[in-house]
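Peer 1: Pasting entry_39.txt here (compact mmCIF, N, CA, C and O atoms):
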# COMPACT_ATOMS: atom_id res chain seq x y z
N MET A 1 10.06 60.74 -103.09
CA MET A 1 11.45 61.06 -102.89
C MET A 1 12.32 59.81 -102.84
O MET A 1 13.46 59.91 -102.44
N ALA A 2 11.81 58.70 -103.23
CA ALA A 2 12.57 57.47 -103.14
C ALA A 2 13.73 57.42 -104.12
O ALA A 2 14.74 56.81 -103.86
N GLY A 3 13.62 58.08 -105.27
CA GLY A 3 14.65 58.01 -106.27
C GLY A 3 15.71 59.09 -106.15
O GLY A 3 16.61 59.17 -106.97
N ARG A 4 15.63 59.91 -105.16
CA ARG A 4 16.55 61.03 -105.03
C ARG A 4 17.81 60.63 -104.29
O ARG A 4 17.76 59.99 -103.26
N SER A 5 18.98 61.01 -104.80
CA SER A 5 20.23 60.72 -104.10
C SER A 5 20.93 62.03 -103.82
O SER A 5 20.78 63.01 -104.55
N GLY A 6 21.72 62.07 -102.78
CA GLY A 6 22.38 63.30 -102.36
C GLY A 6 23.82 63.35 -102.80
O GLY A 6 24.71 63.38 -101.94
N GLY A 7 24.11 63.33 -104.05
CA GLY A 7 25.49 63.45 -104.50
C GLY A 7 26.02 62.16 -105.07
O GLY A 7 25.28 61.23 -105.38
N ILE A 8 27.31 62.10 -105.21
CA ILE A 8 27.95 60.92 -105.76
C ILE A 8 28.04 59.86 -104.67
O ILE A 8 28.55 60.12 -103.58
N ARG A 9 27.54 58.69 -104.95
CA ARG A 9 27.52 57.65 -103.94
C ARG A 9 28.88 57.00 -103.78
O ARG A 9 29.61 56.81 -104.74
N GLY A 10 29.22 56.68 -102.54
CA GLY A 10 30.43 55.93 -102.25
C GLY A 10 31.71 56.76 -102.29
O GLY A 10 32.79 56.21 -102.44
N SER A 11 31.60 58.07 -102.19
CA SER A 11 32.82 58.87 -102.21
C SER A 11 32.84 59.80 -101.00
O SER A 11 31.81 60.16 -100.46
N GLN A 12 34.03 60.17 -100.61
CA GLN A 12 34.25 61.09 -99.51
C GLN A 12 35.29 62.11 -99.94
O GLN A 12 36.01 61.90 -100.92
N VAL A 13 35.40 63.16 -99.19
CA VAL A 13 36.43 64.14 -99.47
C VAL A 13 37.78 63.47 -99.25
O VAL A 13 38.03 62.86 -98.21
N GLY A 14 38.65 63.53 -100.21
CA GLY A 14 39.96 62.91 -100.09
C GLY A 14 40.00 61.46 -100.50
O GLY A 14 41.05 60.83 -100.46
N ALA A 15 38.85 60.89 -100.87
CA ALA A 15 38.84 59.48 -101.27
C ALA A 15 39.33 59.33 -102.70
O ALA A 15 39.34 60.27 -103.48
N GLY A 16 39.74 58.17 -103.03
CA GLY A 16 40.15 57.91 -104.40
C GLY A 16 41.58 57.41 -104.45
O GLY A 16 42.29 57.39 -103.46
N PRO A 17 42.00 57.00 -105.63
CA PRO A 17 43.33 56.42 -105.78
C PRO A 17 44.42 57.49 -105.91
O PRO A 17 45.11 57.58 -106.89
N MET A 18 44.52 58.35 -104.87
CA MET A 18 45.51 59.42 -104.96
C MET A 18 46.89 58.95 -104.53
O MET A 18 47.84 59.13 -105.26
N GLY A 19 46.98 58.38 -103.37
CA GLY A 19 48.25 57.86 -102.90
C GLY A 19 49.29 58.94 -102.69
O GLY A 19 49.00 60.09 -102.42
N GLU A 20 50.55 58.58 -102.82
CA GLU A 20 51.67 59.48 -102.56
C GLU A 20 51.76 60.62 -103.56
O GLU A 20 52.33 61.65 -103.28
N ASN A 21 51.22 60.42 -104.77
CA ASN A 21 51.33 61.47 -105.78
C ASN A 21 50.65 62.75 -105.33
O ASN A 21 51.15 63.84 -105.59
N GLU A 22 49.52 62.65 -104.68
CA GLU A 22 48.77 63.83 -104.26
C GLU A 22 49.20 64.34 -102.89
O GLU A 22 49.17 65.53 -102.64
N ARG A 23 49.54 63.46 -101.98
CA ARG A 23 49.80 63.84 -100.59
C ARG A 23 51.25 64.16 -100.31
O ARG A 23 51.57 64.70 -99.27
N GLY A 24 52.14 63.80 -101.15
CA GLY A 24 53.55 64.05 -100.90
C GLY A 24 54.20 62.87 -100.20
O GLY A 24 53.57 61.85 -99.91
N GLU A 25 55.46 62.99 -99.93
CA GLU A 25 56.22 61.91 -99.29
C GLU A 25 55.90 61.83 -97.80
O GLU A 25 55.72 62.85 -97.14
N SER A 26 55.88 60.63 -97.28
CA SER A 26 55.70 60.43 -95.85
C SER A 26 57.01 60.75 -95.13
O SER A 26 58.10 60.55 -95.68
N ALA A 27 56.88 61.24 -93.91
CA ALA A 27 58.08 61.53 -93.12
C ALA A 27 58.76 60.22 -92.75
O ALA A 27 58.09 59.21 -92.51
N PRO A 28 60.09 60.20 -92.68
CA PRO A 28 60.78 58.98 -92.25
C PRO A 28 60.35 58.62 -90.83
O PRO A 28 60.21 59.49 -89.98
N ARG A 29 60.14 57.34 -90.60
CA ARG A 29 59.61 56.90 -89.31
C ARG A 29 60.54 55.91 -88.63
O ARG A 29 61.33 55.23 -89.27
N VAL A 30 60.38 55.85 -87.30
CA VAL A 30 61.04 54.85 -86.48
C VAL A 30 59.96 54.20 -85.61
O VAL A 30 59.05 54.88 -85.14
N VAL A 31 60.02 52.90 -85.45
CA VAL A 31 59.05 52.17 -84.62
C VAL A 31 59.68 51.90 -83.27
O VAL A 31 60.78 51.34 -83.18
N VAL A 32 58.99 52.32 -82.20
CA VAL A 32 59.48 52.15 -80.83
C VAL A 32 58.56 51.16 -80.13
O VAL A 32 57.34 51.27 -80.22
N SER A 33 59.15 50.20 -79.43
CA SER A 33 58.38 49.21 -78.67
C SER A 33 58.28 49.64 -77.21
O SER A 33 59.26 50.06 -76.61
N PHE A 34 57.06 49.54 -76.67
CA PHE A 34 56.80 49.83 -75.26
C PHE A 34 56.24 48.57 -74.62
O PHE A 34 55.42 47.88 -75.22
N TRP A 35 56.67 48.27 -73.37
CA TRP A 35 56.18 47.10 -72.63
C TRP A 35 55.56 47.56 -71.33
O TRP A 35 56.11 48.40 -70.61
N CYS A 36 54.40 46.98 -71.01
CA CYS A 36 53.72 47.29 -69.75
C CYS A 36 54.02 46.20 -68.72
O CYS A 36 54.70 45.21 -69.02
N GLY A 37 53.52 46.38 -67.52
CA GLY A 37 53.73 45.43 -66.43
C GLY A 37 53.10 44.07 -66.69
O GLY A 37 53.51 43.06 -66.09
N ASN A 38 52.11 44.01 -67.57
CA ASN A 38 51.46 42.73 -67.90
C ASN A 38 52.16 42.01 -69.04
O ASN A 38 51.72 40.95 -69.47
N GLY A 39 53.24 42.59 -69.57
CA GLY A 39 54.00 41.95 -70.64
C GLY A 39 53.51 42.24 -72.05
O GLY A 39 53.99 41.65 -73.01
N HIS A 40 52.54 43.14 -72.19
CA HIS A 40 52.06 43.50 -73.52
C HIS A 40 53.08 44.39 -74.21
O HIS A 40 53.70 45.24 -73.58
N GLU A 41 53.23 44.21 -75.51
CA GLU A 41 54.11 45.05 -76.31
C GLU A 41 53.27 45.93 -77.22
O GLU A 41 52.38 45.45 -77.92
N ALA A 42 53.54 47.22 -77.20
CA ALA A 42 52.88 48.16 -78.11
C ALA A 42 53.96 48.75 -79.01
O ALA A 42 54.94 49.30 -78.52
N ARG A 43 53.79 48.60 -80.32
CA ARG A 43 54.77 49.14 -81.27
C ARG A 43 54.15 50.39 -81.88
O ARG A 43 53.17 50.32 -82.60
N ILE A 44 54.77 51.55 -81.59
CA ILE A 44 54.25 52.84 -82.01
C ILE A 44 55.25 53.48 -82.97
O ILE A 44 56.44 53.52 -82.69
N GLY A 45 54.75 54.02 -84.07
CA GLY A 45 55.60 54.67 -85.06
C GLY A 45 55.69 56.17 -84.80
O GLY A 45 54.69 56.83 -84.56
N PHE A 46 56.90 56.69 -84.81
CA PHE A 46 57.15 58.12 -84.61
C PHE A 46 57.99 58.64 -85.76
O PHE A 46 58.78 57.90 -86.36
N SER A 47 57.87 59.91 -86.02
CA SER A 47 58.73 60.55 -87.00
C SER A 47 60.16 60.57 -86.45
O SER A 47 60.37 60.66 -85.24
N LEU A 48 61.13 60.50 -87.34
CA LEU A 48 62.53 60.56 -86.90
C LEU A 48 62.86 61.88 -86.22
O LEU A 48 63.71 61.95 -85.35
N GLU A 49 62.14 62.94 -86.61
CA GLU A 49 62.39 64.26 -86.03
C GLU A 49 61.73 64.44 -84.67
O GLU A 49 62.11 65.32 -83.92
N ALA A 50 60.75 63.62 -84.34
CA ALA A 50 60.01 63.76 -83.08
C ALA A 50 60.82 63.21 -81.92
O ALA A 50 61.62 62.28 -82.07
N VAL A 51 60.58 63.79 -80.74
CA VAL A 51 61.19 63.28 -79.52
C VAL A 51 60.31 62.13 -79.03
O VAL A 51 59.12 62.32 -78.77
N THR A 52 60.87 60.94 -78.92
CA THR A 52 60.08 59.79 -78.50
C THR A 52 59.96 59.79 -76.98
O THR A 52 60.94 59.97 -76.26
N PRO A 53 58.75 59.57 -76.46
CA PRO A 53 58.55 59.56 -75.01
C PRO A 53 59.12 58.29 -74.38
O PRO A 53 59.29 57.27 -75.05
N GLN A 54 59.42 58.34 -73.10
CA GLN A 54 59.92 57.18 -72.38
C GLN A 54 58.77 56.28 -71.90
O GLN A 54 58.98 55.12 -71.61
N GLU A 55 57.56 56.86 -71.79
CA GLU A 55 56.40 56.09 -71.33
C GLU A 55 55.25 56.29 -72.30
O GLU A 55 55.13 57.33 -72.94
N TRP A 56 54.37 55.26 -72.36
CA TRP A 56 53.22 55.28 -73.24
C TRP A 56 52.15 54.43 -72.60
O TRP A 56 52.45 53.45 -71.92
N ASP A 57 50.88 54.78 -72.78
CA ASP A 57 49.80 53.97 -72.22
C ASP A 57 49.60 52.73 -73.08
O ASP A 57 49.51 52.82 -74.31
N CYS A 58 49.53 51.57 -72.43
CA CYS A 58 49.34 50.31 -73.14
C CYS A 58 47.94 50.30 -73.76
O CYS A 58 46.95 50.50 -73.06
N PRO A 59 47.83 50.05 -75.08
CA PRO A 59 46.51 50.04 -75.70
C PRO A 59 45.67 48.81 -75.33
O PRO A 59 44.46 48.80 -75.54
N LYS A 60 46.28 47.78 -74.76
CA LYS A 60 45.53 46.56 -74.41
C LYS A 60 44.94 46.62 -73.01
O LYS A 60 43.81 46.22 -72.79
N CYS A 61 45.74 47.11 -72.03
CA CYS A 61 45.25 47.09 -70.65
C CYS A 61 45.22 48.47 -69.99
O CYS A 61 44.67 48.61 -68.90
N GLY A 62 45.82 49.48 -70.61
CA GLY A 62 45.78 50.83 -70.06
C GLY A 62 46.86 51.15 -69.05
O GLY A 62 46.94 52.28 -68.58
N LEU A 63 47.71 50.19 -68.70
CA LEU A 63 48.80 50.47 -67.77
C LEU A 63 49.88 51.29 -68.46
O LEU A 63 49.96 51.36 -69.67
N VAL A 64 50.72 51.90 -67.66
CA VAL A 64 51.84 52.66 -68.21
C VAL A 64 52.88 51.67 -68.72
O VAL A 64 53.23 50.71 -68.04
N ALA A 65 53.37 51.92 -69.93
CA ALA A 65 54.38 51.06 -70.54
C ALA A 65 55.64 51.89 -70.76
O ALA A 65 55.58 53.10 -70.96
N SER A 66 56.80 51.22 -70.73
CA SER A 66 58.07 51.92 -70.96
C SER A 66 58.85 51.21 -72.06
O SER A 66 58.52 50.10 -72.47
N THR A 67 59.93 51.85 -72.49
CA THR A 67 60.75 51.29 -73.55
C THR A 67 61.68 50.20 -73.02
O THR A 67 62.23 49.44 -73.80
N ASP A 68 61.85 50.11 -71.71
CA ASP A 68 62.72 49.10 -71.10
C ASP A 68 61.91 47.84 -70.82
O ASP A 68 61.07 47.81 -69.92
N ARG A 69 62.16 46.80 -71.60
CA ARG A 69 61.38 45.57 -71.48
C ARG A 69 61.57 44.89 -70.12
O ARG A 69 60.63 44.35 -69.54
N ASP A 70 62.80 44.90 -69.59
CA ASP A 70 63.09 44.19 -68.34
C ASP A 70 62.63 44.96 -67.11
O ASP A 70 62.44 44.36 -66.05
N ASN A 71 62.48 46.26 -67.21
CA ASN A 71 62.06 47.08 -66.06
C ASN A 71 60.78 47.83 -66.39
O ASN A 71 60.72 49.05 -66.31
N ALA A 72 59.74 47.09 -66.73
CA ALA A 72 58.45 47.71 -67.02
C ALA A 72 57.88 48.32 -65.75
O ALA A 72 58.07 47.79 -64.65
N PRO A 73 57.19 49.47 -65.85
CA PRO A 73 56.64 50.11 -64.66
C PRO A 73 55.62 49.21 -63.96
O PRO A 73 54.83 48.53 -64.62
N ALA A 74 55.66 49.24 -62.65
CA ALA A 74 54.70 48.46 -61.87
C ALA A 74 53.34 49.14 -61.95
O ALA A 74 53.25 50.36 -62.03
N PRO A 75 52.27 48.35 -61.94
CA PRO A 75 50.95 48.95 -61.97
C PRO A 75 50.71 49.81 -60.74
O PRO A 75 51.12 49.46 -59.64
N ALA A 76 50.09 50.95 -60.96
CA ALA A 76 49.78 51.84 -59.84
C ALA A 76 48.70 51.21 -58.97
O ALA A 76 47.80 50.54 -59.47
N GLY A 77 48.81 51.41 -57.67
CA GLY A 77 47.81 50.87 -56.76
C GLY A 77 46.47 51.53 -56.98
O GLY A 77 46.39 52.73 -57.19
N THR A 78 45.42 50.76 -56.95
CA THR A 78 44.09 51.31 -57.17
C THR A 78 43.50 51.76 -55.85
O THR A 78 43.66 51.10 -54.82
N VAL A 79 42.83 52.87 -55.89
CA VAL A 79 42.16 53.40 -54.71
C VAL A 79 40.76 52.80 -54.69
O VAL A 79 40.04 52.86 -55.69
N PRO A 80 40.37 52.19 -53.57
CA PRO A 80 39.04 51.60 -53.53
C PRO A 80 37.95 52.67 -53.64
O PRO A 80 38.17 53.83 -53.30
N TYR A 81 36.80 52.26 -54.12
CA TYR A 81 35.67 53.16 -54.27
C TYR A 81 35.27 53.68 -52.90
O TYR A 81 35.14 52.92 -51.94
N LYS A 82 35.09 54.99 -52.82
CA LYS A 82 34.69 55.60 -51.56
C LYS A 82 33.27 56.12 -51.70
O LYS A 82 32.94 56.80 -52.68
N THR A 83 32.42 55.81 -50.74
CA THR A 83 31.03 56.25 -50.78
C THR A 83 30.92 57.72 -50.39
O THR A 83 31.88 58.34 -49.92
N HIS A 84 29.73 58.27 -50.56
CA HIS A 84 29.47 59.65 -50.15
C HIS A 84 29.72 59.81 -48.65
O HIS A 84 30.31 60.79 -48.21
N LEU A 85 29.30 58.83 -47.88
CA LEU A 85 29.52 58.88 -46.44
C LEU A 85 31.01 58.84 -46.11
O LEU A 85 31.47 59.52 -45.19
N GLY A 86 31.78 58.10 -46.87
CA GLY A 86 33.22 58.05 -46.65
C GLY A 86 33.88 59.40 -46.84
O GLY A 86 34.74 59.82 -46.07
N TYR A 87 33.47 60.11 -47.91
CA TYR A 87 34.00 61.46 -48.14
C TYR A 87 33.53 62.42 -47.05
O TYR A 87 34.27 63.30 -46.62
N LEU A 88 32.29 62.26 -46.62
CA LEU A 88 31.77 63.12 -45.56
C LEU A 88 32.53 62.92 -44.26
O LEU A 88 32.91 63.89 -43.59
N CYS A 89 32.80 61.67 -43.92
CA CYS A 89 33.55 61.38 -42.68
C CYS A 89 34.99 61.88 -42.77
O CYS A 89 35.61 62.17 -41.74
N GLN A 90 35.49 62.01 -43.97
CA GLN A 90 36.84 62.53 -44.16
C GLN A 90 36.88 64.03 -43.88
O GLN A 90 37.89 64.55 -43.40
N ARG A 91 35.76 64.73 -44.14
CA ARG A 91 35.72 66.18 -43.96
C ARG A 91 35.25 66.60 -42.57
O ARG A 91 35.62 67.67 -42.10
N ARG A 92 34.40 65.82 -41.93
CA ARG A 92 33.80 66.24 -40.67
C ARG A 92 33.96 65.15 -39.60
O ARG A 92 33.98 63.97 -39.89
N THR A 93 34.03 65.60 -38.35
CA THR A 93 34.05 64.66 -37.23
C THR A 93 32.61 64.26 -36.89
O THR A 93 31.66 64.89 -37.37
N GLN A 94 32.44 63.27 -36.07
CA GLN A 94 31.11 62.81 -35.67
C GLN A 94 30.37 63.92 -34.92
O GLN A 94 29.17 64.12 -35.12
N GLU A 95 31.08 64.68 -34.09
CA GLU A 95 30.45 65.76 -33.32
C GLU A 95 29.95 66.86 -34.24
O GLU A 95 28.85 67.41 -34.05
N GLU A 96 30.76 67.21 -35.27
CA GLU A 96 30.33 68.23 -36.23
C GLU A 96 29.09 67.75 -37.00
O GLU A 96 28.17 68.52 -37.27
N GLY A 97 29.06 66.49 -37.35
CA GLY A 97 27.93 65.93 -38.06
C GLY A 97 26.67 65.96 -37.21
O GLY A 97 25.58 66.29 -37.70
N ASP A 98 26.80 65.62 -35.93
CA ASP A 98 25.64 65.66 -35.03
C ASP A 98 25.11 67.08 -34.89
O ASP A 98 23.89 67.30 -34.87
N LEU A 99 26.01 68.06 -34.79
CA LEU A 99 25.61 69.45 -34.66
C LEU A 99 24.87 69.92 -35.91
O LEU A 99 23.81 70.57 -35.82
N LEU A 100 25.38 69.57 -37.10
CA LEU A 100 24.71 69.94 -38.34
C LEU A 100 23.34 69.27 -38.47
O LEU A 100 22.38 69.87 -38.95
N LEU A 101 23.24 68.02 -38.02
CA LEU A 101 21.97 67.31 -38.07
C LEU A 101 20.94 67.98 -37.17
O LEU A 101 19.79 68.17 -37.55
N GLU A 102 21.36 68.37 -35.97
CA GLU A 102 20.44 69.04 -35.04
C GLU A 102 19.97 70.38 -35.61
O GLU A 102 18.79 70.73 -35.49
N GLU A 103 20.86 71.13 -36.25
CA GLU A 103 20.48 72.41 -36.86
C GLU A 103 19.48 72.20 -37.99
O GLU A 103 18.48 72.94 -38.10
N ALA A 104 19.70 71.19 -38.82
CA ALA A 104 18.80 70.89 -39.94
C ALA A 104 17.43 70.46 -39.43
O ALA A 104 16.39 70.88 -39.95
N LEU A 105 17.41 69.62 -38.39
CA LEU A 105 16.12 69.19 -37.82
C LEU A 105 15.39 70.35 -37.18
O LEU A 105 14.16 70.44 -37.27
N ALA A 106 16.11 71.25 -36.55
CA ALA A 106 15.47 72.43 -35.94
C ALA A 106 14.84 73.32 -37.01
O ALA A 106 13.74 73.85 -36.82
N LYS A 107 15.49 73.47 -38.16
CA LYS A 107 14.93 74.24 -39.26
C LYS A 107 13.67 73.58 -39.79
O LYS A 107 12.67 74.26 -40.09
N LEU A 108 13.67 72.26 -39.92
CA LEU A 108 12.50 71.55 -40.40
C LEU A 108 11.32 71.66 -39.44
O LEU A 108 10.17 71.77 -39.86
N ARG A 109 11.61 71.62 -38.17
CA ARG A 109 10.55 71.70 -37.14
C ARG A 109 10.07 73.13 -36.95
O ARG A 109 9.04 73.35 -36.32
N GLY A 110 10.83 74.09 -37.48
CA GLY A 110 10.44 75.48 -37.35
C GLY A 110 10.79 76.09 -36.01
O GLY A 110 10.21 77.11 -35.62
N THR A 111 11.71 75.51 -35.30
CA THR A 111 12.09 76.04 -33.99
C THR A 111 13.25 77.02 -34.06
O THR A 111 13.67 77.54 -33.05
N VAL A 112 13.77 77.26 -35.24
CA VAL A 112 14.89 78.20 -35.38
C VAL A 112 14.39 79.49 -35.97
O VAL A 112 13.59 79.61 -36.78
Here is a file; write its structure as structure tokens.
Peer 2:
Amino acid sequence: MAGRSGGIRGSQVGAGPMGENERGESAPRVVVSFWCGNGHEARIGFSLEAVTPQEWDCPKCGLVASTDRDNAPAPAGTVPYKTHLGYLCQRRTQEEGDLLLEEALAKLRGTV
């Protein structure tokens, strides 16, 4: 089976020198610049008919970027990683935890 090929090599659906003749005219576009808190500029192209958003995610750092270069949004504060015990302590008091522990140990010992 070494000499067998599966179709025309080097082609894909829609490939070829078609260009604008086959696809039609492109919609008129406007390029909007967005700036993030780190000073990155993202230039995004939109159709003239589309409503351009006021905010966009920066493709370089992921922060929120706005169209106002001088008043770029401040980075959102990051929440520190919380362990399983941290979430548990948020839901239960120490007394509730002790009571649940005693019930679980009683089940294991077979005294319940």
Peer 1: Excluding Cys58 in chain A and its own-chain neighbours fewer than 4 positions away, which residues fall within 12 Å of it when counting only C-alpha atoms? Please give them as a PyMOL selection string.
Peer 2: chain A and resi 33-44+62-67+72-73+75
Peer 1: Figure out the distance between atom C of Val31 in chain A and atom O of Ser47 in chain A, please, to one decimal in Å.
Peer 2: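 Computing the Euclidean distance for atom O of Ser47 in chain A and atom C of Val31 in chain A yields 9.0 Å.
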Peer 1: Separation of CA of Leu48 in chain A and atom N of Ala27 in chain A, in Å?
Peer 2: 9.0 Å
Peer 1: In Å to one decimal, how far is atom N of Arg69 in chain A from atom O of Thr52 in chain A?
Peer 2: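 A separation of 14.0 Å between them.
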Peer 1: Mind checking DSSP for range 19-97 of chain A and telling me the strand (DSSP E) residues as a PyMOL selection string?
Peer 2: chain A and resi 29-36+41-47+55-57+64-66
Peer 1: Selected residues, N, CA, C and O atoms, written as a tab-separated table (two decimals), in the frame of the given file, please.
Peer 2:
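Writing done, so here's selection_9.tsv:
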chain	number	residue	atom	x	y	z
A	29	ARG	N	60.14	57.34	-90.60
A	29	ARG	CA	59.61	56.90	-89.31
A	29	ARG	C	60.54	55.91	-88.63
A	29	ARG	O	61.33	55.23	-89.27
A	30	VAL	N	60.38	55.85	-87.30
A	30	VAL	CA	61.04	54.85	-86.48
A	30	VAL	C	59.96	54.20	-85.61
A	30	VAL	O	59.05	54.88	-85.14
A	31	VAL	N	60.02	52.90	-85.45
A	31	VAL	CA	59.05	52.17	-84.62
A	31	VAL	C	59.68	51.90	-83.27
A	31	VAL	O	60.78	51.34	-83.18
A	32	VAL	N	58.99	52.32	-82.20
A	32	VAL	CA	59.48	52.15	-80.83
A	32	VAL	C	58.56	51.16	-80.13
A	32	VAL	O	57.34	51.27	-80.22
A	33	SER	N	59.15	50.20	-79.43
A	33	SER	CA	58.38	49.21	-78.67
A	33	SER	C	58.28	49.64	-77.21
A	33	SER	O	59.26	50.06	-76.61
A	34	PHE	N	57.06	49.54	-76.67
A	34	PHE	CA	56.80	49.83	-75.26
A	34	PHE	C	56.24	48.57	-74.62
A	34	PHE	O	55.42	47.88	-75.22
A	35	TRP	N	56.67	48.27	-73.37
A	35	TRP	CA	56.18	47.10	-72.63
A	35	TRP	C	55.56	47.56	-71.33
A	35	TRP	O	56.11	48.40	-70.61
A	36	CYS	N	54.40	46.98	-71.01
A	36	CYS	CA	53.72	47.29	-69.75
A	36	CYS	C	54.02	46.20	-68.72
A	36	CYS	O	54.70	45.21	-69.02
A	41	GLU	N	53.23	44.21	-75.51
A	41	GLU	CA	54.11	45.05	-76.31
A	41	GLU	C	53.27	45.93	-77.22
A	41	GLU	O	52.38	45.45	-77.92
A	42	ALA	N	53.54	47.22	-77.20
A	42	ALA	CA	52.88	48.16	-78.11
A	42	ALA	C	53.96	48.75	-79.01
A	42	ALA	O	54.94	49.30	-78.52
A	43	ARG	N	53.79	48.60	-80.32
A	43	ARG	CA	54.77	49.14	-81.27
A	43	ARG	C	54.15	50.39	-81.88
A	43	ARG	O	53.17	50.32	-82.60
A	44	ILE	N	54.77	51.55	-81.59
A	44	ILE	CA	54.25	52.84	-82.01
A	44	ILE	C	55.25	53.48	-82.97
A	44	ILE	O	56.44	53.52	-82.69
A	45	GLY	N	54.75	54.02	-84.07
A	45	GLY	CA	55.60	54.67	-85.06
A	45	GLY	C	55.69	56.17	-84.80
A	45	GLY	O	54.69	56.83	-84.56
A	46	PHE	N	56.90	56.69	-84.81
A	46	PHE	CA	57.15	58.12	-84.61
A	46	PHE	C	57.99	58.64	-85.76
A	46	PHE	O	58.78	57.90	-86.36
A	47	SER	N	57.87	59.91	-86.02
A	47	SER	CA	58.73	60.55	-87.00
A	47	SER	C	60.16	60.57	-86.45
A	47	SER	O	60.37	60.66	-85.24
A	55	GLU	N	57.56	56.86	-71.79
A	55	GLU	CA	56.40	56.09	-71.33
A	55	GLU	C	55.25	56.29	-72.30
A	55	GLU	O	55.13	57.33	-72.94
A	56	TRP	N	54.37	55.26	-72.36
A	56	TRP	CA	53.22	55.28	-73.24
A	56	TRP	C	52.15	54.43	-72.60
A	56	TRP	O	52.45	53.45	-71.92
A	57	ASP	N	50.88	54.78	-72.78
A	57	ASP	CA	49.80	53.97	-72.22
A	57	ASP	C	49.60	52.73	-73.08
A	57	ASP	O	49.51	52.82	-74.31
A	64	VAL	N	50.72	51.90	-67.66
A	64	VAL	CA	51.84	52.66	-68.21
A	64	VAL	C	52.88	51.67	-68.72
A	64	VAL	O	53.23	50.71	-68.04
A	65	ALA	N	53.37	51.92	-69.93
A	65	ALA	CA	54.38	51.06	-70.54
A	65	ALA	C	55.64	51.89	-70.76
A	65	ALA	O	55.58	53.10	-70.96
A	66	SER	N	56.80	51.22	-70.73
A	66	SER	CA	58.07	51.92	-70.96
A	66	SER	C	58.85	51.21	-72.06
A	66	SER	O	58.52	50.10	-72.47
Peer 1: Provide range 26-30 of chain A of the preceding structure as a file containing all heavy atoms, as an mmCIF file, in the first residue's frame.
Peer 2:
data_model
loop_
_atom_site.group_PDB
_atom_site.id
_atom_site.type_symbol
_atom_site.label_atom_id
_atom_site.label_comp_id
_atom_site.auth_asym_id
_atom_site.auth_seq_id
_atom_site.Cartn_x
_atom_site.Cartn_y
_atom_site.Cartn_z
ATOM 1 N N SER A 26 -15.757 41.916 -0.082
ATOM 2 C CA SER A 26 -15.648 41.968 1.371
ATOM 3 C C SER A 26 -16.472 43.137 1.892
ATOM 4 O O SER A 26 -16.613 44.169 1.224
ATOM 5 C CB SER A 26 -14.194 42.164 1.799
ATOM 6 O OG SER A 26 -13.427 41.053 1.446
ATOM 7 N N ALA A 27 -16.998 42.967 3.096
ATOM 8 C CA ALA A 27 -17.764 44.053 3.712
ATOM 9 C C ALA A 27 -16.815 45.192 4.060
ATOM 10 O O ALA A 27 -15.659 44.955 4.433
ATOM 11 C CB ALA A 27 -18.463 43.556 4.974
ATOM 12 N N PRO A 28 -17.274 46.440 3.961
ATOM 13 C CA PRO A 28 -16.415 47.560 4.359
ATOM 14 C C PRO A 28 -16.063 47.442 5.844
ATOM 15 O O PRO A 28 -16.903 47.084 6.659
ATOM 16 C CB PRO A 28 -17.265 48.795 4.096
ATOM 17 C CG PRO A 28 -18.456 48.348 3.350
ATOM 18 C CD PRO A 28 -18.558 46.875 3.471
ATOM 19 N N ARG A 29 -14.822 47.727 6.162
ATOM 20 C CA ARG A 29 -14.340 47.520 7.527
ATOM 21 C C ARG A 29 -13.816 48.808 8.131
ATOM 22 O O ARG A 29 -13.400 49.724 7.432
ATOM 23 C CB ARG A 29 -13.225 46.492 7.535
ATOM 24 C CG ARG A 29 -13.660 45.122 7.074
ATOM 25 C CD ARG A 29 -12.822 44.108 7.782
ATOM 26 N NE ARG A 29 -13.271 42.758 7.725
ATOM 27 C CZ ARG A 29 -14.180 42.217 8.523
ATOM 28 N NH1 ARG A 29 -14.791 42.944 9.405
ATOM 29 N NH2 ARG A 29 -14.473 40.955 8.446
ATOM 30 N N VAL A 30 -13.819 48.815 9.479
ATOM 31 C CA VAL A 30 -13.199 49.874 10.256
ATOM 32 C C VAL A 30 -12.299 49.190 11.286
ATOM 33 O O VAL A 30 -12.661 48.154 11.836
ATOM 34 C CB VAL A 30 -14.254 50.788 10.927
ATOM 35 C CG1 VAL A 30 -15.110 50.018 11.895
ATOM 36 C CG2 VAL A 30 -13.589 51.953 11.641
#
